[in-house]
>>> print(open('structure19.cif').read())   # mmCIF, C-alpha atoms
data_start
#
loop_
_atom_site.group_PDB
_atom_site.id
_atom_site.type_symbol
_atom_site.label_atom_id
_atom_site.label_comp_id
_atom_site.auth_asym_id
_atom_site.auth_seq_id
_atom_site.Cartn_x
_atom_site.Cartn_y
_atom_site.Cartn_z
ATOM 1 C CA MET A 16 26.826 115.754 -20.140
ATOM 2 C CA LYS A 17 26.993 111.985 -19.886
ATOM 3 C CA LEU A 18 28.889 110.611 -16.905
ATOM 4 C CA ILE A 19 31.492 107.946 -17.664
ATOM 5 C CA ASP A 20 30.852 105.609 -14.758
ATOM 6 C CA GLY A 21 34.087 103.708 -14.267
ATOM 7 C CA LYS A 22 32.853 101.990 -11.133
ATOM 8 C CA GLU A 23 29.798 100.493 -12.846
ATOM 9 C CA LEU A 24 31.784 99.452 -15.932
ATOM 10 C CA ALA A 25 34.489 97.848 -13.777
ATOM 11 C CA ASN A 26 31.830 95.878 -11.910
ATOM 12 C CA GLN A 27 30.359 94.632 -15.195
ATOM 13 C CA LEU A 28 33.737 93.519 -16.492
ATOM 14 C CA LYS A 29 34.676 91.904 -13.173
ATOM 15 C CA GLU A 30 31.471 89.874 -13.391
ATOM 16 C CA GLY A 31 32.596 88.655 -16.803
ATOM 17 C CA LEU A 32 35.956 87.666 -15.342
ATOM 18 C CA ARG A 33 34.144 85.924 -12.488
ATOM 19 C CA GLN A 34 32.201 83.774 -14.923
ATOM 20 C CA LYS A 35 35.439 82.772 -16.670
ATOM 21 C CA THR A 36 37.242 81.947 -13.426
ATOM 22 C CA ASP A 37 34.279 79.960 -12.073
ATOM 23 C CA LYS A 38 34.277 77.947 -15.306
ATOM 24 C CA LEU A 39 37.996 77.264 -14.907
ATOM 25 C CA ALA A 40 37.442 76.107 -11.322
ATOM 26 C CA ALA A 41 34.556 73.860 -12.399
ATOM 27 C CA GLU A 42 36.926 72.223 -14.892
ATOM 28 C CA GLY A 43 39.339 71.462 -12.064
ATOM 29 C CA LYS A 44 41.817 74.167 -13.009
ATOM 30 C CA ARG A 45 43.307 76.677 -10.625
ATOM 31 C CA ARG A 46 42.131 80.277 -10.591
ATOM 32 C CA PRO A 47 44.298 83.215 -11.764
ATOM 33 C CA HIS A 48 46.534 84.473 -8.956
ATOM 34 C CA LEU A 49 47.663 88.071 -8.373
ATOM 35 C CA ALA A 50 50.171 89.048 -5.683
ATOM 36 C CA ALA A 51 51.057 92.457 -4.277
ATOM 37 C CA ILE A 52 54.053 93.676 -2.288
ATOM 38 C CA LEU A 53 53.186 96.469 0.159
ATOM 39 C CA VAL A 54 55.963 98.269 2.027
ATOM 40 C CA GLY A 55 55.235 100.480 5.041
ATOM 41 C CA ASN A 56 51.856 101.918 5.996
ATOM 42 C CA ASN A 57 51.198 104.735 3.539
ATOM 43 C CA PRO A 58 47.421 105.371 3.856
ATOM 44 C CA ALA A 59 46.896 105.846 0.114
ATOM 45 C CA SER A 60 48.851 102.667 -0.695
ATOM 46 C CA GLU A 61 46.892 100.756 1.944
ATOM 47 C CA SER A 62 43.640 101.901 0.324
ATOM 48 C CA TYR A 63 44.790 101.022 -3.193
ATOM 49 C CA VAL A 64 45.909 97.535 -2.169
ATOM 50 C CA ARG A 65 42.654 96.894 -0.280
ATOM 51 C CA ASN A 66 40.741 97.779 -3.439
ATOM 52 C CA LYS A 67 42.898 95.424 -5.479
ATOM 53 C CA VAL A 68 42.424 92.533 -3.036
ATOM 54 C CA ARG A 69 38.658 93.137 -2.951
ATOM 55 C CA SER A 70 38.530 93.282 -6.746
ATOM 56 C CA CYS A 71 40.366 89.955 -6.961
ATOM 57 C CA GLU A 72 37.688 88.419 -4.758
ATOM 58 C CA GLN A 73 34.932 89.879 -6.945
ATOM 59 C CA ALA A 74 36.577 88.511 -10.092
ATOM 60 C CA GLY A 75 37.126 85.077 -8.557
ATOM 61 C CA PHE A 76 40.916 85.447 -8.518
ATOM 62 C CA GLU A 77 43.295 84.223 -5.850
ATOM 63 C CA SER A 78 45.319 87.005 -4.241
ATOM 64 C CA THR A 79 48.348 87.207 -1.981
ATOM 65 C CA LEU A 80 49.418 90.301 -0.046
ATOM 66 C CA ILE A 81 53.036 90.427 1.069
ATOM 67 C CA ARG A 82 53.603 93.092 3.724
ATOM 68 C CA ARG A 83 56.940 94.409 4.874
ATOM 69 C CA PRO A 84 57.791 97.276 7.270
ATOM 70 C CA ALA A 85 59.074 100.612 5.959
ATOM 71 C CA ASP A 86 62.632 99.786 7.067
ATOM 72 C CA VAL A 87 62.808 96.582 5.022
ATOM 73 C CA SER A 88 66.089 96.171 3.169
ATOM 74 C CA GLU A 89 66.351 96.393 -0.576
ATOM 75 C CA SER A 90 67.971 92.969 -0.687
ATOM 76 C CA GLU A 91 64.993 91.398 1.104
ATOM 77 C CA LEU A 92 62.570 92.913 -1.401
ATOM 78 C CA LEU A 93 64.699 91.711 -4.309
ATOM 79 C CA ALA A 94 64.647 88.220 -2.783
ATOM 80 C CA ILE A 95 60.830 88.347 -2.596
ATOM 81 C CA ILE A 96 60.660 89.447 -6.238
ATOM 82 C CA ASP A 97 62.953 86.599 -7.269
ATOM 83 C CA GLU A 98 60.721 84.151 -5.401
ATOM 84 C CA LEU A 99 57.600 85.480 -7.125
ATOM 85 C CA ASN A 100 59.311 85.361 -10.511
ATOM 86 C CA ASN A 101 59.948 81.657 -10.006
ATOM 87 C CA ASN A 102 56.620 80.716 -8.422
ATOM 88 C CA PRO A 103 54.450 79.008 -11.083
ATOM 89 C CA ALA A 104 51.328 79.511 -8.937
ATOM 90 C CA ILE A 105 51.633 83.325 -9.230
ATOM 91 C CA ASP A 106 50.524 84.676 -12.606
ATOM 92 C CA GLY A 107 51.389 88.288 -11.978
ATOM 93 C CA TYR A 108 52.321 90.666 -9.210
ATOM 94 C CA ILE A 109 52.807 94.313 -8.418
ATOM 95 C CA VAL A 110 55.096 96.333 -6.188
ATOM 96 C CA GLN A 111 52.913 99.059 -4.703
ATOM 97 C CA LEU A 112 54.441 102.507 -5.173
ATOM 98 C CA PRO A 113 55.738 104.754 -3.720
ATOM 99 C CA LEU A 114 58.541 102.985 -1.892
ATOM 100 C CA PRO A 115 60.634 104.334 1.025
ATOM 101 C CA ASP A 116 63.535 106.592 0.037
ATOM 102 C CA HIS A 117 66.228 104.011 0.821
ATOM 103 C CA ILE A 118 64.797 101.611 -1.779
ATOM 104 C CA HIS A 119 65.937 102.052 -5.394
ATOM 105 C CA GLU A 120 62.528 101.964 -7.100
ATOM 106 C CA GLN A 121 63.756 101.423 -10.632
ATOM 107 C CA LYS A 122 66.050 98.594 -9.549
ATOM 108 C CA LEU A 123 63.078 96.717 -8.098
ATOM 109 C CA LEU A 124 60.829 97.317 -11.088
ATOM 110 C CA LEU A 125 63.529 96.078 -13.468
ATOM 111 C CA ALA A 126 63.824 92.894 -11.395
ATOM 112 C CA ILE A 127 60.178 91.963 -12.088
ATOM 113 C CA HIS A 128 59.979 89.341 -14.816
ATOM 114 C CA PRO A 129 58.269 90.926 -17.866
ATOM 115 C CA ASP A 130 55.902 87.933 -18.109
ATOM 116 C CA LYS A 131 54.564 88.747 -14.614
ATOM 117 C CA ASP A 132 54.649 92.546 -14.945
ATOM 118 C CA VAL A 133 50.878 93.036 -14.821
ATOM 119 C CA ASP A 134 51.302 96.746 -13.983
ATOM 120 C CA GLY A 135 52.902 97.152 -17.419
ATOM 121 C CA PHE A 136 55.852 99.188 -16.081
ATOM 122 C CA HIS A 137 58.796 97.073 -17.259
ATOM 123 C CA PRO A 138 60.771 98.605 -20.180
ATOM 124 C CA MET A 139 60.292 95.406 -22.183
ATOM 125 C CA ASN A 140 56.500 95.710 -22.002
ATOM 126 C CA PHE A 141 56.666 99.461 -22.569
ATOM 127 C CA GLY A 142 58.874 98.977 -25.638
ATOM 128 C CA LYS A 143 56.605 96.309 -27.098
ATOM 129 C CA MET A 144 53.593 98.568 -26.516
ATOM 130 C CA ALA A 145 55.343 101.463 -28.285
ATOM 131 C CA GLN A 146 55.964 99.247 -31.325
ATOM 132 C CA GLY A 147 52.404 97.933 -31.413
ATOM 133 C CA MET A 148 53.420 94.459 -30.268
ATOM 134 C CA ASP A 149 51.514 92.267 -27.841
ATOM 135 C CA ALA A 150 52.341 93.332 -24.275
ATOM 136 C CA PHE A 151 50.907 94.084 -20.865
ATOM 137 C CA LEU A 152 49.557 97.624 -21.110
ATOM 138 C CA PRO A 153 50.015 100.012 -18.172
ATOM 139 C CA ALA A 154 46.905 99.509 -16.051
ATOM 140 C CA THR A 155 45.535 103.080 -16.058
ATOM 141 C CA PRO A 156 45.828 103.677 -19.831
ATOM 142 C CA TYR A 157 44.372 100.198 -20.387
ATOM 143 C CA GLY A 158 41.388 101.082 -18.226
ATOM 144 C CA ILE A 159 40.891 104.341 -20.117
ATOM 145 C CA LEU A 160 40.909 102.524 -23.462
ATOM 146 C CA LEU A 161 38.225 100.171 -22.150
ATOM 147 C CA MET A 162 36.083 103.155 -21.073
ATOM 148 C CA LEU A 163 36.406 104.901 -24.432
ATOM 149 C CA GLU A 164 35.473 101.695 -26.220
ATOM 150 C CA HIS A 165 32.498 100.894 -23.966
ATOM 151 C CA TYR A 166 30.993 104.375 -24.237
ATOM 152 C CA GLY A 167 31.481 104.494 -27.999
ATOM 153 C CA ILE A 168 33.688 107.583 -27.889
ATOM 154 C CA GLU A 169 35.269 108.007 -31.316
ATOM 155 C CA THR A 170 39.016 108.640 -31.293
ATOM 156 C CA SER A 171 39.907 108.116 -34.965
ATOM 157 C CA GLY A 172 40.922 111.421 -36.513
ATOM 158 C CA LYS A 173 40.212 113.319 -33.293
ATOM 159 C CA GLU A 174 42.454 115.871 -31.609
ATOM 160 C CA VAL A 175 43.535 114.501 -28.234
ATOM 161 C CA VAL A 176 45.478 116.411 -25.592
ATOM 162 C CA VAL A 177 47.155 114.478 -22.782
ATOM 163 C CA ILE A 178 48.143 116.649 -19.822
ATOM 164 C CA GLY A 179 51.096 115.094 -17.996
ATOM 165 C CA ARG A 180 54.037 113.031 -19.226
ATOM 166 C CA SER A 181 54.562 110.347 -16.575
ATOM 167 C CA ASN A 182 55.692 106.888 -17.635
ATOM 168 C CA ILE A 183 52.665 105.452 -15.825
ATOM 169 C CA VAL A 184 49.883 107.427 -17.541
ATOM 170 C CA GLY A 185 50.673 110.375 -19.794
ATOM 171 C CA THR A 186 53.392 109.025 -22.062
ATOM 172 C CA PRO A 187 51.886 105.543 -22.655
ATOM 173 C CA MET A 188 48.432 107.094 -23.139
ATOM 174 C CA SER A 189 49.763 109.344 -25.893
ATOM 175 C CA ILE A 190 51.357 106.355 -27.628
ATOM 176 C CA LEU A 191 48.290 104.125 -27.374
ATOM 177 C CA LEU A 192 45.856 106.687 -28.773
ATOM 178 C CA SER A 193 48.098 107.456 -31.747
ATOM 179 C CA ARG A 194 48.469 103.780 -32.755
ATOM 180 C CA LYS A 195 46.595 102.153 -35.625
ATOM 181 C CA SER A 196 43.907 100.595 -33.442
ATOM 182 C CA ASN A 197 40.490 101.158 -31.942
ATOM 183 C CA PRO A 198 40.502 103.170 -29.757
ATOM 184 C CA GLY A 199 43.367 104.961 -31.469
ATOM 185 C CA ASN A 200 44.214 106.691 -34.759
ATOM 186 C CA ALA A 201 44.037 110.049 -32.989
ATOM 187 C CA THR A 202 46.257 113.079 -33.427
ATOM 188 C CA VAL A 203 47.794 113.374 -29.984
ATOM 189 C CA THR A 204 49.465 116.337 -28.308
ATOM 190 C CA LEU A 205 51.303 115.717 -25.044
ATOM 191 C CA VAL A 206 51.508 118.818 -22.842
ATOM 192 C CA HIS A 207 53.108 119.292 -19.437
ATOM 193 C CA SER A 208 54.373 121.816 -16.888
ATOM 194 C CA ARG A 209 56.848 123.363 -19.346
ATOM 195 C CA THR A 210 54.374 123.739 -22.220
ATOM 196 C CA LYS A 211 53.904 127.350 -23.308
ATOM 197 C CA ASN A 212 50.327 128.540 -23.804
ATOM 198 C CA LEU A 213 48.915 125.188 -22.717
ATOM 199 C CA LYS A 214 45.397 126.593 -22.915
ATOM 200 C CA ALA A 215 45.692 127.016 -26.696
ATOM 201 C CA HIS A 216 46.238 123.274 -27.005
ATOM 202 C CA THR A 217 43.378 122.225 -24.728
ATOM 203 C CA LEU A 218 40.927 124.582 -26.454
ATOM 204 C CA ASN A 219 41.580 122.727 -29.702
ATOM 205 C CA ALA A 220 41.064 119.253 -28.200
ATOM 206 C CA ASP A 221 38.138 116.924 -28.842
ATOM 207 C CA ILE A 222 39.333 114.694 -25.990
ATOM 208 C CA ILE A 223 41.400 115.758 -22.970
ATOM 209 C CA ILE A 224 43.088 113.318 -20.598
ATOM 210 C CA ALA A 225 44.160 115.165 -17.462
ATOM 211 C CA ALA A 226 46.934 113.448 -15.499
ATOM 212 C CA ILE A 227 49.001 116.279 -14.062
ATOM 213 C CA GLY A 228 48.304 115.832 -10.338
ATOM 214 C CA ILE A 229 47.084 119.376 -9.627
ATOM 215 C CA PRO A 230 43.594 119.793 -8.118
ATOM 216 C CA TYR A 231 41.093 121.551 -10.418
ATOM 217 C CA PHE A 232 43.816 122.343 -12.967
ATOM 218 C CA LEU A 233 41.562 122.093 -16.026
ATOM 219 C CA LYS A 234 38.979 124.888 -15.976
ATOM 220 C CA ALA A 235 35.945 125.590 -18.160
ATOM 221 C CA ASP A 236 37.684 128.393 -20.078
ATOM 222 C CA MET A 237 40.345 125.896 -21.220
ATOM 223 C CA VAL A 238 37.898 123.511 -22.907
ATOM 224 C CA LYS A 239 35.729 123.797 -26.001
ATOM 225 C CA ASP A 240 32.037 122.899 -26.014
ATOM 226 C CA GLY A 241 31.300 119.200 -26.402
ATOM 227 C CA ALA A 242 34.769 117.942 -25.495
ATOM 228 C CA VAL A 243 35.317 114.601 -23.755
ATOM 229 C CA ILE A 244 37.162 114.797 -20.432
ATOM 230 C CA ILE A 245 39.009 111.897 -18.776
ATOM 231 C CA ASP A 246 40.164 112.916 -15.292
ATOM 232 C CA VAL A 247 43.001 110.721 -14.006
ATOM 233 C CA GLY A 248 43.855 112.902 -11.007
ATOM 234 C CA ILE A 249 43.302 111.774 -7.428
ATOM 235 C CA ASN A 250 44.178 114.644 -5.094
ATOM 236 C CA ARG A 251 43.473 115.123 -1.403
ATOM 237 C CA VAL A 252 42.204 118.562 -0.414
ATOM 238 C CA GLU A 253 41.385 119.663 3.112
ATOM 239 C CA ASP A 254 37.699 119.578 4.013
ATOM 240 C CA ALA A 255 36.731 120.201 7.629
ATOM 241 C CA THR A 256 33.175 119.003 6.937
ATOM 242 C CA ARG A 257 34.425 115.462 6.262
ATOM 243 C CA LYS A 258 35.145 112.983 9.027
ATOM 244 C CA ARG A 259 38.549 112.228 7.509
ATOM 245 C CA GLY A 260 39.366 115.937 7.245
ATOM 246 C CA TYR A 261 39.842 115.764 3.484
ATOM 247 C CA ARG A 262 38.099 114.796 0.254
ATOM 248 C CA LEU A 263 39.293 113.408 -3.041
ATOM 249 C CA VAL A 264 39.146 115.603 -6.132
ATOM 250 C CA GLY A 265 40.484 115.310 -9.651
ATOM 251 C CA ASP A 266 42.655 117.432 -11.934
ATOM 252 C CA VAL A 267 39.464 118.838 -13.465
ATOM 253 C CA ASP A 268 36.979 121.458 -12.240
ATOM 254 C CA PHE A 269 34.082 119.021 -12.509
ATOM 255 C CA GLU A 270 31.319 121.454 -11.528
ATOM 256 C CA GLY A 271 32.593 124.148 -13.855
ATOM 257 C CA LEU A 272 32.764 121.785 -16.820
ATOM 258 C CA ALA A 273 29.622 119.714 -16.247
ATOM 259 C CA ARG A 274 27.392 121.810 -18.532
ATOM 260 C CA LYS A 275 29.985 122.329 -21.210
ATOM 261 C CA VAL A 276 31.355 118.877 -22.098
ATOM 262 C CA SER A 277 29.755 115.804 -23.692
ATOM 263 C CA PHE A 278 31.359 113.080 -21.533
ATOM 264 C CA MET A 279 33.351 113.260 -18.308
ATOM 265 C CA THR A 280 34.673 110.915 -15.640
ATOM 266 C CA PRO A 281 34.030 111.644 -11.956
ATOM 267 C CA VAL A 282 36.569 111.513 -9.108
ATOM 268 C CA PRO A 283 36.269 109.189 -7.326
ATOM 269 C CA GLY A 284 34.440 106.497 -9.314
ATOM 270 C CA GLY A 285 35.892 107.133 -12.749
ATOM 271 C CA VAL A 286 39.365 106.097 -13.828
ATOM 272 C CA GLY A 287 40.376 104.579 -10.464
ATOM 273 C CA PRO A 288 38.176 101.451 -10.607
ATOM 274 C CA MET A 289 39.164 100.918 -14.240
ATOM 275 C CA THR A 290 42.861 101.005 -13.322
ATOM 276 C CA VAL A 291 42.283 98.041 -11.025
ATOM 277 C CA LEU A 292 40.257 96.365 -13.778
ATOM 278 C CA GLY A 293 43.191 96.817 -16.180
ATOM 279 C CA LEU A 294 45.383 95.067 -13.637
ATOM 280 C CA LEU A 295 42.944 92.138 -13.453
ATOM 281 C CA MET A 296 42.735 91.905 -17.250
ATOM 282 C CA ASN A 297 46.531 91.736 -17.454
ATOM 283 C CA THR A 298 46.565 89.008 -14.783
ATOM 284 C CA MET A 299 44.063 86.962 -16.769
ATOM 285 C CA LYS A 300 46.198 87.508 -19.883
ATOM 286 C CA ALA A 301 49.266 86.245 -17.979
ATOM 287 C CA TYR A 302 47.313 83.215 -16.773
ATOM 288 C CA LEU A 303 46.034 82.300 -20.233
ATOM 289 C CA GLY A 304 49.435 82.856 -21.804
ATOM 290 C CA ARG A 305 50.993 79.911 -19.990
#
>>> encode(input="structure19.cif", output="structure tokens")
Amino acid sequence: MKLIDGKELANQLKEGLRQKTDKLAAEGKRRPHLAAILVGNNPASESYVRNKVRSCEQAGFESTLIRRPADVSESELLAIIDELNNNPAIDGYIVQLPLPDHIHEQKLLLAIHPDKDVDGFHPMNFGKMAQGMDAFLPATPYGILLMLEHYGIETSGKEVVVIGRSNIVGTPMSILLSRKSNPGNATVTLVHSRTKNLKAHTLNADIIIAAIGIPYFLKADMVKDGAVIIDVGINRVEDATRKRGYRLVGDVDFEGLARKVSFMTPVPGGVGPMTVLGLLMNTMKAYLGR
């Protein structure tokens, strides 16, 4: 098995972005600028945003973190979004999810201007993507496409199974890999919690993208020899031997599959770093598009 090292690839691509941004600065131009809105103190969200801020520094981007307490009003957040929409110094921004229950998540996401929607969640960007038009791609699927391309994993004519149908990963991933593009031109099956005999589908797959959010869901007996496995899952499981009391695992039984597959991503260090890289690539795209 060959490990798909998302962390190393992300670092390489961030270095390329750094060279571009340093050149812009040397020419007297401003650097690309990414902002993030963080509500409350969810530990996972805190970690994700820290990684994004650190990645901006590594890529030579400017970054702004806007923090608000968990009891912030919806109207205040909408006012912040309106301000960011109209700030020419901000190229793109994200609203870190999940949000507190009293905030209408979809209402906020719809308020983000599509030209600054570097997470690729706005229906306008999603619709353009579905029709093969130029758009900001959702960050995780974008990162996965970059990994497949870098490692020379052929998708044309291949059987791909995507496990999970979220609007963030599963559904856009199935659309992107079926498009006339490279990577793409695959025959894609989207399976989920209501799929009958799911194992029959995964056993037929040349490439499996697991994004169902269940630890160790994909087992060795569900995968054919030589398949390519992309593990999107990030799940916390209790582990008394760890200082934090838990460890991060994917949706895939990594140890059970290691000797059976041709390529596989680890968790952590696989898709996660490439998701952040996709966000940076979209920010650069927003910057250059002005």
>>> residues_around(input="structure19.cif", residues="region 244-260 of chain A", least_positions_apart="5", cutoff="7 Å", atoms="all atoms listed in the file", output="ChimeraX atom specification")
/A:222-228,230,265-267,278-280,282,286
>>> closest_residue(input="structure19.cif", among="A:Gln34, A:Asn26, A:Ser189, A:Ser70", to="Leu295 (chain A)", atoms="all atoms listed in the file")
A:Ser70
>>> closest_residue(input="structure19.cif", among="A:His137, A:Lys195, A:Asn219, A:Glu30", to="Ile183 (chain A)", atoms="all atoms listed in the file")
A:His137
>>> resolve_selection(input="structure19.cif", expression="the PyMOL selection byres ((chain A and resi 294) around 9)", output="PDB file with C-alpha atoms, keeping the file's coordinate frame")
ATOM      1  CA  LYS A  67      42.898  95.424  -5.479  1.00  0.00           C
ATOM      2  CA  VAL A 133      50.878  93.036 -14.821  1.00  0.00           C
ATOM      3  CA  ASP A 134      51.302  96.746 -13.983  1.00  0.00           C
ATOM      4  CA  GLY A 135      52.902  97.152 -17.419  1.00  0.00           C
ATOM      5  CA  LEU A 152      49.557  97.624 -21.110  1.00  0.00           C
ATOM      6  CA  PRO A 153      50.015 100.012 -18.172  1.00  0.00           C
ATOM      7  CA  ALA A 154      46.905  99.509 -16.051  1.00  0.00           C
ATOM      8  CA  THR A 155      45.535 103.080 -16.058  1.00  0.00           C
ATOM      9  CA  TYR A 157      44.372 100.198 -20.387  1.00  0.00           C
ATOM     10  CA  GLY A 158      41.388 101.082 -18.226  1.00  0.00           C
ATOM     11  CA  MET A 289      39.164 100.918 -14.240  1.00  0.00           C
ATOM     12  CA  THR A 290      42.861 101.005 -13.322  1.00  0.00           C
ATOM     13  CA  VAL A 291      42.283  98.041 -11.025  1.00  0.00           C
ATOM     14  CA  LEU A 292      40.257  96.365 -13.778  1.00  0.00           C
ATOM     15  CA  GLY A 293      43.191  96.817 -16.180  1.00  0.00           C
ATOM     16  CA  LEU A 295      42.944  92.138 -13.453  1.00  0.00           C
ATOM     17  CA  MET A 296      42.735  91.905 -17.250  1.00  0.00           C
ATOM     18  CA  ASN A 297      46.531  91.736 -17.454  1.00  0.00           C
ATOM     19  CA  THR A 298      46.565  89.008 -14.783  1.00  0.00           C
ATOM     20  CA  MET A 299      44.063  86.962 -16.769  1.00  0.00           C
TER      21      MET A 299
END
>>> atom_distance(input="structure19.cif", atom1="CA of Thr36 (chain A)", atom2="CA of Ile159 (chain A)")
23.7 Å
>>> resolve_selection(input="structure19.cif", expression="the PyMOL selection byres ((chain A and resi 233) around 9)", output="ChimeraX atom specification")
/A:217,225,229-232,234-238,266-269,272
>>> resolve_selection(input="structure19.cif", expression="the PyMOL selection byres ((chain A and resi 177) around 12)", output="MDAnalysis selection string")
chainID A and resid 156 174:176 178:181 184:193 201:208 210 213 216:217 220:227 233 243:247
>>> closest_residue(input="structure19.cif", among="A:Ile109, A:Ala94, A:Met148, A:Gly287", to="Ser62 (chain A)", atoms="all atoms listed in the file")
A:Gly287
>>> closest_residue(input="structure19.cif", among="A:Asn197, A:Leu49, A:Gly241, A:Asn56", to="Met162 (chain A)", atoms="all atoms listed in the file")
A:Asn197
>>> atom_distance(input="structure19.cif", atom1="CA of Ile168 (chain A)", atom2="CA of Ser277 (chain A)")
10.0 Å
>>> residues_around(input="structure19.cif", residues="Pro103 (chain A)", least_positions_apart="4", cutoff="10 Å", atoms="only C-alpha atoms", output="PyMOL selection string")
chain A and resi 48+98-99+107+305
>>> closest_residue(input="structure19.cif", among="A:Leu24, A:Leu32, A:Tyr261, A:Ala145", to="Cys71 (chain A)", atoms="all atoms listed in the file")
A:Leu32
